[in-house]
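The next block is upload_39.cif, given as mmCIF, C-alpha atoms.
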data_target
#
loop_
_atom_site.label_atom_id
_atom_site.label_comp_id
_atom_site.auth_asym_id
_atom_site.auth_seq_id
_atom_site.Cartn_x
_atom_site.Cartn_y
_atom_site.Cartn_z
CA MET A 68 78.05 16.10 -5.38
CA ILE A 69 76.03 15.66 -2.22
CA VAL A 70 76.89 13.00 0.36
CA ARG A 71 74.79 12.20 3.38
CA ILE A 72 76.58 10.70 6.35
CA GLU A 73 74.68 9.26 9.30
CA VAL A 74 76.69 8.97 12.51
CA ARG A 75 75.07 6.92 15.27
CA LEU A 76 76.11 5.26 18.49
CA LYS A 77 77.27 1.65 18.28
CA LYS A 78 75.07 -0.98 19.86
CA GLY A 79 75.48 -1.15 23.61
CA TYR A 80 76.25 2.56 24.06
CA PHE A 81 73.72 4.46 26.09
CA ASP A 82 71.80 7.08 24.10
CA PRO A 83 70.50 9.58 26.69
CA GLU A 84 68.83 11.82 24.10
CA GLY A 85 66.98 8.82 22.67
CA GLU A 86 65.88 7.73 26.13
CA VAL A 87 64.57 11.17 27.04
CA THR A 88 62.77 11.49 23.69
CA ALA A 89 61.17 8.05 24.13
CA ARG A 90 59.96 8.98 27.60
CA ALA A 91 58.51 12.28 26.39
CA LEU A 92 56.72 10.56 23.49
CA LYS A 93 55.33 7.89 25.83
CA ASP A 94 54.11 10.62 28.17
CA LEU A 95 52.23 12.04 25.18
CA THR A 96 50.63 8.53 24.81
CA PHE A 97 52.41 7.66 21.55
CA PRO A 98 52.90 3.84 21.13
CA VAL A 99 56.70 4.02 21.22
CA ASN A 100 58.99 1.11 22.11
CA ASN A 101 62.30 2.93 21.82
CA VAL A 102 64.06 5.84 20.12
CA LYS A 103 67.59 6.22 18.81
CA VAL A 104 68.94 9.62 17.87
CA SER A 105 71.69 10.03 15.31
CA LYS A 106 73.29 12.88 13.45
CA LEU A 107 72.97 13.38 9.72
CA TYR A 108 75.55 15.45 7.82
CA THR A 109 74.52 16.60 4.34
CA ILE A 110 77.75 17.67 2.67
CA ASP A 111 78.25 19.34 -0.70
CA LEU A 112 81.59 18.09 -2.06
CA ARG A 113 83.57 19.49 -4.97
CA VAL A 114 84.13 16.12 -6.67
CA GLU A 115 82.84 14.66 -9.92
CA LYS A 116 82.88 10.91 -9.33
CA LYS A 117 80.70 8.89 -6.99
CA GLU A 118 83.61 6.62 -6.01
CA GLU A 119 85.71 9.63 -5.07
CA ALA A 120 82.86 11.11 -3.01
CA ILE A 121 82.50 7.86 -1.04
CA LYS A 122 86.25 7.67 -0.43
CA ILE A 123 86.35 11.25 0.83
CA ALA A 124 83.27 10.73 3.00
CA GLU A 125 84.92 7.74 4.66
CA GLU A 126 88.06 9.77 5.32
CA MET A 127 85.97 12.60 6.81
CA CYS A 128 84.28 10.13 9.14
CA LYS A 129 87.59 8.68 10.26
CA LYS A 130 89.30 12.04 10.72
CA LEU A 131 86.51 14.16 12.19
CA LEU A 132 82.87 13.15 12.11
CA ALA A 133 82.79 9.79 13.87
CA ASN A 134 84.44 8.62 17.07
CA PRO A 135 85.75 5.13 16.25
CA THR A 136 85.29 3.97 19.83
CA LYS A 137 81.59 4.66 20.14
CA ASP A 138 80.22 5.64 16.72
CA GLU A 139 79.35 3.83 13.52
CA TYR A 140 78.43 5.53 10.27
CA SER A 141 76.79 5.00 6.91
CA ILE A 142 77.25 6.98 3.71
CA GLU A 143 74.82 7.80 0.92
CA VAL A 144 75.70 9.58 -2.31
CA LEU A 145 72.96 11.68 -3.90
CA LEU A 146 73.00 12.04 -7.67
CA ASN A 147 70.34 14.38 -9.08
CA GLY A 148 68.63 14.54 -5.74
CA GLU A 149 68.14 10.76 -5.53
CA ILE A 150 69.92 8.30 -3.31
CA ASN A 151 72.07 6.26 -5.66
CA GLU A 152 74.47 4.44 -3.46
CA LYS A 153 74.25 3.43 0.15
CA ILE A 154 77.18 1.81 1.89
CA MET B 139 57.41 -0.92 12.81
CA ILE B 140 60.43 1.37 12.46
CA VAL B 141 60.05 4.98 11.34
CA ARG B 142 62.95 7.30 10.63
CA ILE B 143 62.29 11.01 11.02
CA GLU B 144 64.78 13.60 9.83
CA VAL B 145 64.40 17.03 11.41
CA ARG B 146 66.39 19.80 9.77
CA LEU B 147 66.45 23.59 9.76
CA LYS B 148 64.33 25.35 7.16
CA LYS B 149 66.14 27.22 4.41
CA GLY B 150 67.39 30.58 5.56
CA TYR B 151 68.00 29.55 9.15
CA PHE B 152 71.62 29.70 10.26
CA ASP B 153 73.12 26.29 11.04
CA PRO B 154 76.09 26.99 13.34
CA GLU B 155 77.03 23.33 13.75
CA GLY B 156 77.11 22.90 9.97
CA GLU B 157 79.25 26.02 9.58
CA VAL B 158 81.75 24.87 12.19
CA THR B 159 81.90 21.37 10.70
CA ALA B 160 82.45 22.81 7.21
CA ARG B 161 85.30 24.99 8.47
CA ALA B 162 86.95 22.07 10.29
CA LEU B 163 86.68 19.85 7.18
CA LYS B 164 88.12 22.62 4.99
CA ASP B 165 91.00 23.05 7.45
CA LEU B 166 91.68 19.33 6.95
CA THR B 167 91.86 20.12 3.18
CA PHE B 168 88.66 18.26 2.25
CA PRO B 169 86.94 19.73 -0.89
CA VAL B 170 83.81 20.85 0.96
CA ASN B 171 81.40 23.56 -0.22
CA ASN B 172 79.00 23.45 2.69
CA VAL B 173 77.59 21.23 5.42
CA LYS B 174 74.11 20.97 6.92
CA VAL B 175 73.54 19.05 10.12
CA SER B 176 70.20 17.49 10.94
CA LYS B 177 68.83 15.11 13.50
CA LEU B 178 67.61 11.63 12.69
CA TYR B 179 65.18 9.85 15.01
CA THR B 180 64.87 6.09 14.52
CA ILE B 181 61.69 5.12 16.36
CA ASP B 182 60.26 1.68 17.00
CA LEU B 183 56.47 2.04 17.03
CA ARG B 184 53.90 -0.49 18.23
CA VAL B 185 51.71 -0.27 15.13
CA GLU B 186 50.94 -2.75 12.36
CA LYS B 187 50.08 -0.57 9.39
CA LYS B 188 52.37 1.69 7.39
CA GLU B 189 49.68 4.37 7.04
CA GLU B 190 49.19 4.45 10.79
CA ALA B 191 52.95 4.69 11.38
CA ILE B 192 53.17 7.70 9.05
CA LYS B 193 50.22 9.40 10.73
CA ILE B 194 51.72 8.89 14.19
CA ALA B 195 55.15 10.07 13.01
CA GLU B 196 53.60 13.29 11.70
CA GLU B 197 51.82 13.86 15.00
CA MET B 198 55.06 13.26 16.91
CA CYS B 199 56.82 15.85 14.75
CA LYS B 200 54.08 18.40 15.32
CA LYS B 201 53.81 17.81 19.06
CA LEU B 202 57.43 17.31 20.05
CA LEU B 203 60.20 16.62 17.57
CA ALA B 204 60.08 19.59 15.19
CA ASN B 205 59.73 23.29 15.87
CA PRO B 206 57.25 24.52 13.23
CA THR B 207 58.88 27.95 13.11
CA LYS B 208 62.36 26.84 12.15
CA ASP B 209 62.30 23.09 11.37
CA GLU B 210 61.11 20.93 8.52
CA TYR B 211 60.95 17.14 8.60
CA SER B 212 60.70 14.06 6.44
CA ILE B 213 59.48 10.61 7.39
CA GLU B 214 60.56 7.19 6.18
CA VAL B 215 58.90 3.90 7.14
CA LEU B 216 61.12 0.83 7.23
CA LEU B 217 59.53 -2.52 6.44
CA ASN B 218 61.84 -5.52 6.82
CA GLY B 219 64.80 -3.22 7.23
CA GLU B 220 64.23 -1.52 3.88
CA ILE B 221 62.97 1.98 3.20
CA ASN B 222 59.51 1.50 1.70
CA GLU B 223 57.91 4.87 1.86
CA LYS B 224 59.41 8.32 1.99
CA ILE B 225 57.21 11.38 2.41
#
What's the structure tokens form of this structure?
Amino acid sequence: MIVRIEVRLKKGYFDPEGEVTARALKDLTFPVNNVKVSKLYTIDLRVEKKEEAIKIAEEMCKKLLANPTKDEYSIEVLLNGEINEKI
Amino acid sequence: MIVRIEVRLKKGYFDPEGEVTARALKDLTFPVNNVKVSKLYTIDLRVEKKEEAIKIAEEMCKKLLANPTKDEYSIEVLLNGEINEKI
């Protein structure tokens, strides 16, 4: 089962990559107000049940993928290539 | 209008960050087969129409955000906080 985990900075934390990207896009005359950059992990898990996949994804965020001080995350479970649950 | 652009490596390109993340998760005994890491740009655009937002997002990918040799991308437009179009 495939889970997709987005890890992004919490509000109020400075996102230097987003700032630089916004500036570069503005320099190219794109009508950009602001840019946020986050990381997306697409993970193939050896589990059968959606509930189990979500539980494991949350544990992975807490133990490795997200820094609880500065990051927040969201989890999607893909069943048959479609997004079936977003939490 | 908010667009979300995912930029990921094309199939066949080695993803070292994904490999390292997969190994770390396996070491923590998570039932992981493999991990792919991609970048997600959440961009606030000064445009009114969805079609225009998609066109600009594609141009931004071609001119700056994606490397045509090794990257592929997908674009989502968010209307009222929801994902309304995915291409």
With the cut-off set at 6 Å and counting only C-alpha atoms, tabulate each residue of chain B with an atom at most that distance from an atom of chain A, showing the nearest atom pair and its distance in Å to one decimal, ordered by chain and increasing number, as JSON lines.
{"residue": "B:Pro169", "atom": "CA", "partner": "A:Arg113", "partner_atom": "CA", "distance": 5.3}
{"residue": "B:Val170", "atom": "CA", "partner": "A:Leu112", "partner_atom": "CA", "distance": 4.7}
{"residue": "B:Asn171", "atom": "CA", "partner": "A:Asp111", "partner_atom": "CA", "distance": 5.3}
{"residue": "B:Asn172", "atom": "CA", "partner": "A:Asp111", "partner_atom": "CA", "distance": 5.4}
{"residue": "B:Val173", "atom": "CA", "partner": "A:Ile110", "partner_atom": "CA", "distance": 4.5}
{"residue": "B:Lys174", "atom": "CA", "partner": "A:Thr109", "partner_atom": "CA", "distance": 5.1}
{"residue": "B:Val175", "atom": "CA", "partner": "A:Tyr108", "partner_atom": "CA", "distance": 4.7}
{"residue": "B:Ser176", "atom": "CA", "partner": "A:Leu107", "partner_atom": "CA", "distance": 5.1}
{"residue": "B:Lys177", "atom": "CA", "partner": "A:Lys106", "partner_atom": "CA", "distance": 5.0}
{"residue": "B:Leu178", "atom": "CA", "partner": "A:Ser105", "partner_atom": "CA", "distance": 5.1}
{"residue": "B:Tyr179", "atom": "CA", "partner": "A:Val104", "partner_atom": "CA", "distance": 4.7}
{"residue": "B:Thr180", "atom": "CA", "partner": "A:Lys103", "partner_atom": "CA", "distance": 5.1}
{"residue": "B:Ile181", "atom": "CA", "partner": "A:Val102", "partner_atom": "CA", "distance": 4.5}
{"residue": "B:Asp182", "atom": "CA", "partner": "A:Asn100", "partner_atom": "CA", "distance": 5.3}
{"residue": "B:Leu183", "atom": "CA", "partner": "A:Val99", "partner_atom": "CA", "distance": 4.6}
{"residue": "B:Arg184", "atom": "CA", "partner": "A:Pro98", "partner_atom": "CA", "distance": 5.3}
Selected residues, C-alpha atoms, written as a tab-separated table (two decimals), keeping the file's coordinate frame, please.
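The result, stored in part_39.tsv:
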chain	number	residue	atom	x	y	z
B	169	PRO	CA	86.94	19.73	-0.89
B	170	VAL	CA	83.81	20.85	0.96
B	171	ASN	CA	81.40	23.56	-0.22
B	172	ASN	CA	79.00	23.45	2.69
B	173	VAL	CA	77.59	21.23	5.42
B	174	LYS	CA	74.11	20.97	6.92
B	175	VAL	CA	73.54	19.05	10.12
B	176	SER	CA	70.20	17.49	10.94
B	177	LYS	CA	68.83	15.11	13.50
B	178	LEU	CA	67.61	11.63	12.69
B	179	TYR	CA	65.18	9.85	15.01
B	180	THR	CA	64.87	6.09	14.52
B	181	ILE	CA	61.69	5.12	16.36
B	182	ASP	CA	60.26	1.68	17.00
B	183	LEU	CA	56.47	2.04	17.03
B	184	ARG	CA	53.90	-0.49	18.23
- Note on the structure: Pairwise distance, CA of Ala204 in chain B with CA of Val87 in chain A, equals 15.2 Å
Chain B post-superposition (all in-order Cα pairs with chain A) as a compact mmCIF listing (two decimals) with C-alpha atoms, in the frame of the given file:
# COMPACT_ATOMS: atom_id res chain seq x y z
CA MET B 139 78.07 16.11 -5.39
CA ILE B 140 76.01 15.67 -2.22
CA VAL B 141 76.88 13.00 0.35
CA ARG B 142 74.77 12.21 3.39
CA ILE B 143 76.58 10.70 6.36
CA GLU B 144 74.69 9.26 9.30
CA VAL B 145 76.70 8.97 12.51
CA ARG B 146 75.08 6.92 15.25
CA LEU B 147 76.12 5.25 18.49
CA LYS B 148 77.29 1.65 18.28
CA LYS B 149 75.08 -0.99 19.86
CA GLY B 150 75.49 -1.15 23.60
CA TYR B 151 76.26 2.53 24.05
CA PHE B 152 73.72 4.45 26.10
CA ASP B 153 71.80 7.06 24.10
CA PRO B 154 70.50 9.56 26.67
CA GLU B 155 68.82 11.81 24.11
CA GLY B 156 66.96 8.81 22.67
CA GLU B 157 65.87 7.72 26.14
CA VAL B 158 64.57 11.16 27.04
CA THR B 159 62.77 11.50 23.70
CA ALA B 160 61.18 8.06 24.13
CA ARG B 161 59.94 8.98 27.61
CA ALA B 162 58.50 12.30 26.40
CA LEU B 163 56.72 10.57 23.48
CA LYS B 164 55.33 7.90 25.82
CA ASP B 165 54.09 10.63 28.18
CA LEU B 166 52.22 12.05 25.18
CA THR B 167 50.63 8.56 24.82
CA PHE B 168 52.40 7.67 21.56
CA PRO B 169 52.90 3.86 21.12
CA VAL B 170 56.70 4.02 21.23
CA ASN B 171 59.01 1.12 22.12
CA ASN B 172 62.30 2.94 21.83
CA VAL B 173 64.06 5.84 20.12
CA LYS B 174 67.61 6.22 18.81
CA VAL B 175 68.95 9.62 17.87
CA SER B 176 71.70 10.04 15.32
CA LYS B 177 73.30 12.87 13.45
CA LEU B 178 72.98 13.38 9.72
CA TYR B 179 75.55 15.44 7.82
CA THR B 180 74.51 16.60 4.35
CA ILE B 181 77.74 17.67 2.67
CA ASP B 182 78.25 19.33 -0.69
CA LEU B 183 81.58 18.10 -2.05
CA ARG B 184 83.56 19.50 -4.98
CA VAL B 185 84.12 16.14 -6.67
CA GLU B 186 82.84 14.67 -9.93
CA LYS B 187 82.89 10.93 -9.33
CA LYS B 188 80.71 8.89 -6.99
CA GLU B 189 83.62 6.63 -6.01
CA GLU B 190 85.71 9.63 -5.05
CA ALA B 191 82.85 11.11 -3.02
CA ILE B 192 82.50 7.86 -1.05
CA LYS B 193 86.24 7.68 -0.42
CA ILE B 194 86.34 11.27 0.83
CA ALA B 195 83.25 10.74 2.99
CA GLU B 196 84.92 7.75 4.66
CA GLU B 197 88.05 9.78 5.32
CA MET B 198 85.97 12.60 6.81
CA CYS B 199 84.27 10.13 9.14
CA LYS B 200 87.59 8.69 10.26
CA LYS B 201 89.30 12.04 10.74
CA LEU B 202 86.51 14.15 12.21
CA LEU B 203 82.87 13.16 12.12
CA ALA B 204 82.78 9.79 13.88
CA ASN B 205 84.44 8.62 17.06
CA PRO B 206 85.74 5.11 16.24
CA THR B 207 85.29 3.96 19.83
CA LYS B 208 81.59 4.65 20.14
CA ASP B 209 80.22 5.63 16.71
CA GLU B 210 79.34 3.83 13.51
CA TYR B 211 78.42 5.54 10.25
CA SER B 212 76.79 5.00 6.89
CA ILE B 213 77.25 6.99 3.71
CA GLU B 214 74.81 7.79 0.93
CA VAL B 215 75.69 9.59 -2.31
CA LEU B 216 72.96 11.67 -3.91
CA LEU B 217 72.99 12.03 -7.68
CA ASN B 218 70.33 14.35 -9.09
CA GLY B 219 68.66 14.54 -5.72
CA GLU B 220 68.16 10.78 -5.51
CA ILE B 221 69.94 8.28 -3.30
CA ASN B 222 72.08 6.22 -5.67
CA GLU B 223 74.48 4.40 -3.48
CA LYS B 224 74.26 3.41 0.15
CA ILE B 225 77.20 1.77 1.90
- Message: Between CA of Leu216 in chain B and CA of Leu147 in chain B, what is the distance in Å, rounded to a tenth?
- Response: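 Distance between the two atoms: 23.5 Å.
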- Take CA of Lys188 in chain B and CA of Lys148 in chain B and report the distance between them in Å, one decimal. 26.5 Å
